[in-house]
Amino acid sequence: MDWTGEEYPGQLAEFVAGRVRAFGVEPAGVDTDAVHRAAESDPTLRRGDFPVRQLDHLSGVLANLGCTLLACHNGTDTYEVLVALTGEREPTGLAGLTHQGLPVRAWGSEPDETLVSLNCPNCASMLVWELPANQTLADERCDCGTALFDVAGLPLPDVTLHD
């Protein structure tokens, strides 16, 4: 599914239900009807928000079925998801998994990397960093010399990070 949503309503729920059935578990409650109903009356919903809400919802449903929703990070704007049978194991027991050589993590878990992007408030250059999750941009400056982050790695008052 790409960042804008499903090709047809119910596609994601059908996929997840099929994976759960493959594990021999009845996929009770594996649908996104409640998410669709809530989205219809939400004036704050922006393009790209709905898929995240669906994935959040399905992740919770799967936890009750002894399964975990996993996301494969391929560097594109798509959501490649997998379903794993976790049973008694915690999702953290799935650390270090890969799918076709790409990292996989439980949906909603903290990422291993952070993407930071902004436009310099002085020269308007777009700057992008992909950092290990534990690294900050302390004292980082633009090539034009403008200070962007303080010593703690927090953006300075005139710096706005992209969402």
# chains A, B, ... in the order shown; residues from 1 in each chain; ligands from 1
call {"tool": "closest_atom_pairs", "arguments": {"of": "stretch 17-100 of chain A", "to": "stretch 3-10 of chain A", "cutoff": "6 Å", "atoms": "only C-alpha atoms", "output": "Markdown table"}}
result
| residue | atom | partner | partner_atom | distance |
| --- | --- | --- | --- | --- |
| A:Gly48 | CA | A:Thr4 | CA | 4.6 |
| A:Pro51 | CA | A:Gly5 | CA | 5.2 |
| A:Asp77 | CA | A:Trp3 | CA | 5.7 |
| A:Thr78 | CA | A:Trp3 | CA | 5.4 |
call {"tool": "residues_around", "arguments": {"residues": "A:Val159", "least_positions_apart": "4", "cutoff": "9 Å", "atoms": "only C-alpha atoms", "output": "compact mmCIF listing (two decimals) with N, CA, C and O atoms, in the first residue's frame"}}
result
# COMPACT_ATOMS: atom_id res chain seq x y z
N LEU A 118 14.65 19.95 6.71
CA LEU A 118 14.27 21.34 6.95
C LEU A 118 14.79 22.19 5.81
O LEU A 118 15.60 21.75 5.01
N ASN A 119 14.27 23.40 5.74
CA ASN A 119 14.81 24.41 4.84
C ASN A 119 15.53 25.43 5.70
O ASN A 119 14.99 25.92 6.69
N CYS A 120 16.75 25.76 5.33
CA CYS A 120 17.54 26.74 6.08
C CYS A 120 16.78 28.06 6.13
O CYS A 120 16.33 28.55 5.09
N PRO A 121 16.63 28.65 7.33
CA PRO A 121 15.90 29.92 7.42
C PRO A 121 16.66 31.09 6.79
O PRO A 121 16.07 32.13 6.52
N LEU A 148 21.65 25.87 13.09
CA LEU A 148 20.33 25.25 12.98
C LEU A 148 19.87 24.58 14.27
O LEU A 148 18.68 24.56 14.57
N PHE A 149 20.82 24.00 15.02
CA PHE A 149 20.49 23.25 16.23
C PHE A 149 21.38 23.72 17.38
O PHE A 149 22.53 24.11 17.17
N PRO A 155 16.17 22.07 17.58
CA PRO A 155 16.18 23.12 16.55
C PRO A 155 16.11 24.50 17.20
O PRO A 155 15.40 24.70 18.18
call {"tool": "residues_around", "arguments": {"residues": "A:Leu70", "least_positions_apart": "4", "cutoff": "6 Å", "atoms": "only C-alpha atoms", "output": "PyMOL selection string"}}
result
chain A and resi 81-83+105-107
call {"tool": "write_last_selection", "arguments": {"atoms": "N, CA, C and O atoms", "output": "PDB file, in the first residue's frame"}}
result
ATOM      1  N   VAL A  81       3.949  -4.448   4.597  1.00  0.00           N
ATOM      2  CA  VAL A  81       3.657  -5.018   5.901  1.00  0.00           C
ATOM      3  C   VAL A  81       3.692  -6.536   5.862  1.00  0.00           C
ATOM      4  O   VAL A  81       3.422  -7.162   4.831  1.00  0.00           O
ATOM      5  N   LEU A  82       4.043  -7.086   6.998  1.00  0.00           N
ATOM      6  CA  LEU A  82       4.072  -8.523   7.210  1.00  0.00           C
ATOM      7  C   LEU A  82       3.316  -8.802   8.501  1.00  0.00           C
ATOM      8  O   LEU A  82       3.171  -7.917   9.348  1.00  0.00           O
ATOM      9  N   VAL A  83       2.855 -10.016   8.648  1.00  0.00           N
ATOM     10  CA  VAL A  83       2.197 -10.423   9.882  1.00  0.00           C
ATOM     11  C   VAL A  83       2.977 -11.602  10.433  1.00  0.00           C
ATOM     12  O   VAL A  83       3.257 -12.557   9.715  1.00  0.00           O
ATOM     13  N   ARG A 105      10.524  -4.192  11.484  1.00  0.00           N
ATOM     14  CA  ARG A 105      10.275  -3.937  12.899  1.00  0.00           C
ATOM     15  C   ARG A 105       8.773  -3.935  13.144  1.00  0.00           C
ATOM     16  O   ARG A 105       7.979  -3.747  12.213  1.00  0.00           O
ATOM     17  N   ALA A 106       8.411  -4.145  14.392  1.00  0.00           N
ATOM     18  CA  ALA A 106       6.996  -4.129  14.759  1.00  0.00           C
ATOM     19  C   ALA A 106       6.417  -2.747  14.476  1.00  0.00           C
ATOM     20  O   ALA A 106       7.055  -1.728  14.741  1.00  0.00           O
ATOM     21  N   TRP A 107       5.212  -2.728  13.922  1.00  0.00           N
ATOM     22  CA  TRP A 107       4.544  -1.470  13.635  1.00  0.00           C
ATOM     23  C   TRP A 107       4.387  -0.702  14.943  1.00  0.00           C
ATOM     24  O   TRP A 107       3.957  -1.236  15.944  1.00  0.00           O
TER      25      TRP A 107
END
call {"tool": "residues_around", "arguments": {"residues": "A:Val104", "least_positions_apart": "2", "cutoff": "12 Å", "atoms": "only C-alpha atoms", "output": "mmCIF file with C-alpha atoms, in the first residue's frame"}}
result
data_model
loop_
_atom_site.group_PDB
_atom_site.id
_atom_site.type_symbol
_atom_site.label_atom_id
_atom_site.label_comp_id
_atom_site.auth_asym_id
_atom_site.auth_seq_id
_atom_site.Cartn_x
_atom_site.Cartn_y
_atom_site.Cartn_z
ATOM 1 C CA THR A 68 2.297 -8.742 15.347
ATOM 2 C CA LEU A 69 2.069 -6.352 12.434
ATOM 3 C CA LEU A 70 5.544 -5.719 11.027
ATOM 4 C CA ALA A 71 6.697 -3.049 8.609
ATOM 5 C CA CYS A 72 9.490 -3.610 6.117
ATOM 6 C CA HIS A 73 11.420 -0.404 5.496
ATOM 7 C CA ASN A 74 12.439 -0.280 1.854
ATOM 8 C CA GLY A 75 13.202 3.444 1.593
ATOM 9 C CA TYR A 79 3.986 0.485 3.498
ATOM 10 C CA GLU A 80 5.209 -3.062 3.061
ATOM 11 C CA VAL A 81 3.657 -5.018 5.901
ATOM 12 C CA LEU A 82 4.072 -8.523 7.210
ATOM 13 C CA VAL A 83 2.197 -10.423 9.882
ATOM 14 C CA ALA A 84 4.118 -12.585 12.355
ATOM 15 C CA PRO A 91 7.401 -7.988 19.653
ATOM 16 C CA THR A 92 10.862 -6.979 20.894
ATOM 17 C CA LEU A 94 11.478 -10.002 16.756
ATOM 18 C CA ALA A 95 14.416 -7.555 16.767
ATOM 19 C CA GLY A 96 16.971 -7.989 14.023
ATOM 20 C CA LEU A 97 14.521 -9.492 11.516
ATOM 21 C CA THR A 98 14.933 -8.742 7.857
ATOM 22 C CA HIS A 99 12.811 -9.435 4.794
ATOM 23 C CA GLN A 100 14.640 -9.687 1.477
ATOM 24 C CA GLY A 101 17.627 -8.028 3.155
ATOM 25 C CA LEU A 102 15.675 -5.038 4.466
ATOM 26 C CA ALA A 106 6.996 -4.129 14.759
ATOM 27 C CA TRP A 107 4.544 -1.470 13.635
ATOM 28 C CA GLY A 108 4.598 1.403 16.116
ATOM 29 C CA SER A 109 7.983 0.527 17.589
ATOM 30 C CA GLU A 110 10.756 3.078 17.706
ATOM 31 C CA PRO A 111 12.709 3.264 14.438
ATOM 32 C CA ASP A 112 16.414 2.508 14.242
#
call {"tool": "closest_residue", "arguments": {"among": "A:Gln11, A:Thr86, A:Thr114, A:Asn64", "to": "A:Ala133", "atoms": "only C-alpha atoms"}}
result
A:Thr114
call {"tool": "residues_around", "arguments": {"residues": "stretch 17-29 of chain A", "least_positions_apart": "3", "cutoff": "8 Å", "atoms": "only C-alpha atoms", "output": "count of residues only"}}
result
7
call {"tool": "select_by_dssp", "arguments": {"residues": "chain A", "states": "helix (DSSP H, G or I)", "output": "number ranges by chain"}}
result
A: 11-22, 33-40, 49-64, 91-94
call {"tool": "select_by_dssp", "arguments": {"residues": "stretch 20-128 of chain A", "states": "strand (DSSP E)", "output": "VMD selection string"}}
result
chain A and resid 67 to 72 80 to 85 98 to 99 102 to 106 113 to 119 126 to 128
call {"tool": "decode", "arguments": {"residues": "stretch 15-30 of chain A", "atoms": "all heavy atoms", "output": "compact mmCIF listing (two decimals), in the first residue's frame"}}
result
# COMPACT_ATOMS: atom_id res chain seq x y z
N PHE A 15 -5.78 -8.65 3.35
CA PHE A 15 -4.42 -9.20 3.39
C PHE A 15 -4.09 -9.71 4.79
O PHE A 15 -3.62 -10.82 4.97
CB PHE A 15 -3.40 -8.14 2.95
CG PHE A 15 -1.98 -8.55 3.24
CD1 PHE A 15 -1.33 -9.47 2.44
CD2 PHE A 15 -1.31 -8.03 4.33
CE1 PHE A 15 -0.03 -9.87 2.72
CE2 PHE A 15 -0.01 -8.41 4.63
CZ PHE A 15 0.64 -9.34 3.83
N VAL A 16 -4.34 -8.87 5.79
CA VAL A 16 -4.01 -9.23 7.18
C VAL A 16 -4.82 -10.44 7.62
O VAL A 16 -4.28 -11.38 8.22
CB VAL A 16 -4.21 -8.02 8.12
CG1 VAL A 16 -4.11 -8.43 9.57
CG2 VAL A 16 -3.19 -6.92 7.79
N ALA A 17 -6.10 -10.47 7.30
CA ALA A 17 -6.94 -11.62 7.66
C ALA A 17 -6.42 -12.90 7.01
O ALA A 17 -6.39 -13.97 7.65
CB ALA A 17 -8.39 -11.36 7.27
N GLY A 18 -5.99 -12.82 5.77
CA GLY A 18 -5.45 -13.99 5.08
C GLY A 18 -4.18 -14.51 5.74
O GLY A 18 -3.97 -15.72 5.86
N ARG A 19 -3.33 -13.61 6.17
CA ARG A 19 -2.10 -14.03 6.86
C ARG A 19 -2.42 -14.69 8.20
O ARG A 19 -1.81 -15.69 8.58
CB ARG A 19 -1.17 -12.81 7.11
CG ARG A 19 -0.64 -12.14 5.86
CD ARG A 19 0.32 -13.00 5.03
NE ARG A 19 -0.42 -13.88 4.15
CZ ARG A 19 -0.11 -15.15 3.85
NH1 ARG A 19 0.95 -15.72 4.31
NH2 ARG A 19 -0.85 -15.87 3.04
N VAL A 20 -3.39 -14.13 8.92
CA VAL A 20 -3.77 -14.69 10.21
C VAL A 20 -4.35 -16.10 10.02
O VAL A 20 -4.01 -17.04 10.75
CB VAL A 20 -4.77 -13.76 10.95
CG1 VAL A 20 -5.37 -14.43 12.16
CG2 VAL A 20 -4.07 -12.45 11.34
N ARG A 21 -5.20 -16.26 9.00
CA ARG A 21 -5.76 -17.58 8.70
C ARG A 21 -4.65 -18.58 8.37
O ARG A 21 -4.73 -19.75 8.72
CB ARG A 21 -6.72 -17.50 7.52
CG ARG A 21 -8.11 -17.15 7.89
CD ARG A 21 -9.08 -17.31 6.70
NE ARG A 21 -10.17 -16.40 6.89
CZ ARG A 21 -10.24 -15.18 6.38
NH1 ARG A 21 -9.28 -14.72 5.60
NH2 ARG A 21 -11.26 -14.41 6.63
N ALA A 22 -3.61 -18.12 7.68
CA ALA A 22 -2.49 -19.01 7.32
C ALA A 22 -1.80 -19.56 8.58
O ALA A 22 -1.21 -20.63 8.53
CB ALA A 22 -1.48 -18.26 6.45
N PHE A 23 -1.90 -18.84 9.69
CA PHE A 23 -1.34 -19.32 10.96
C PHE A 23 -2.31 -20.21 11.72
O PHE A 23 -2.01 -20.67 12.82
CB PHE A 23 -0.96 -18.14 11.87
CG PHE A 23 0.18 -17.31 11.35
CD1 PHE A 23 0.07 -15.94 11.29
CD2 PHE A 23 1.37 -17.89 10.93
CE1 PHE A 23 1.12 -15.16 10.82
CE2 PHE A 23 2.42 -17.13 10.46
CZ PHE A 23 2.29 -15.75 10.41
N GLY A 24 -3.51 -20.42 11.14
CA GLY A 24 -4.49 -21.26 11.80
C GLY A 24 -5.28 -20.54 12.88
O GLY A 24 -5.89 -21.17 13.74
N VAL A 25 -5.26 -19.21 12.83
CA VAL A 25 -5.98 -18.41 13.81
C VAL A 25 -7.18 -17.77 13.11
O VAL A 25 -7.06 -17.29 11.98
CB VAL A 25 -5.06 -17.30 14.39
CG1 VAL A 25 -5.81 -16.41 15.36
CG2 VAL A 25 -3.84 -17.91 15.05
N GLU A 26 -8.33 -17.79 13.77
CA GLU A 26 -9.51 -17.15 13.20
C GLU A 26 -9.34 -15.63 13.29
O GLU A 26 -9.10 -15.10 14.38
CB GLU A 26 -10.78 -17.58 13.95
CG GLU A 26 -12.05 -17.03 13.38
CD GLU A 26 -12.25 -17.30 11.90
OE1 GLU A 26 -11.94 -18.43 11.43
OE2 GLU A 26 -12.72 -16.39 11.19
N PRO A 27 -9.44 -14.91 12.18
CA PRO A 27 -9.17 -13.47 12.18
C PRO A 27 -10.33 -12.61 12.69
O PRO A 27 -10.75 -11.66 12.04
CB PRO A 27 -8.85 -13.18 10.71
CG PRO A 27 -9.67 -14.18 9.97
CD PRO A 27 -9.67 -15.42 10.84
N ALA A 28 -10.86 -12.94 13.85
CA ALA A 28 -11.98 -12.19 14.42
C ALA A 28 -11.59 -10.73 14.63
O ALA A 28 -10.55 -10.44 15.20
CB ALA A 28 -12.39 -12.81 15.75
N GLY A 29 -12.41 -9.83 14.12
CA GLY A 29 -12.18 -8.41 14.31
C GLY A 29 -11.16 -7.79 13.37
O GLY A 29 -10.85 -6.61 13.50
N VAL A 30 -10.61 -8.58 12.45
CA VAL A 30 -9.62 -8.03 11.52
C VAL A 30 -10.36 -7.34 10.37
O VAL A 30 -10.66 -7.92 9.35
CB VAL A 30 -8.67 -9.12 10.97
CG1 VAL A 30 -7.72 -8.52 9.95
CG2 VAL A 30 -7.89 -9.76 12.09
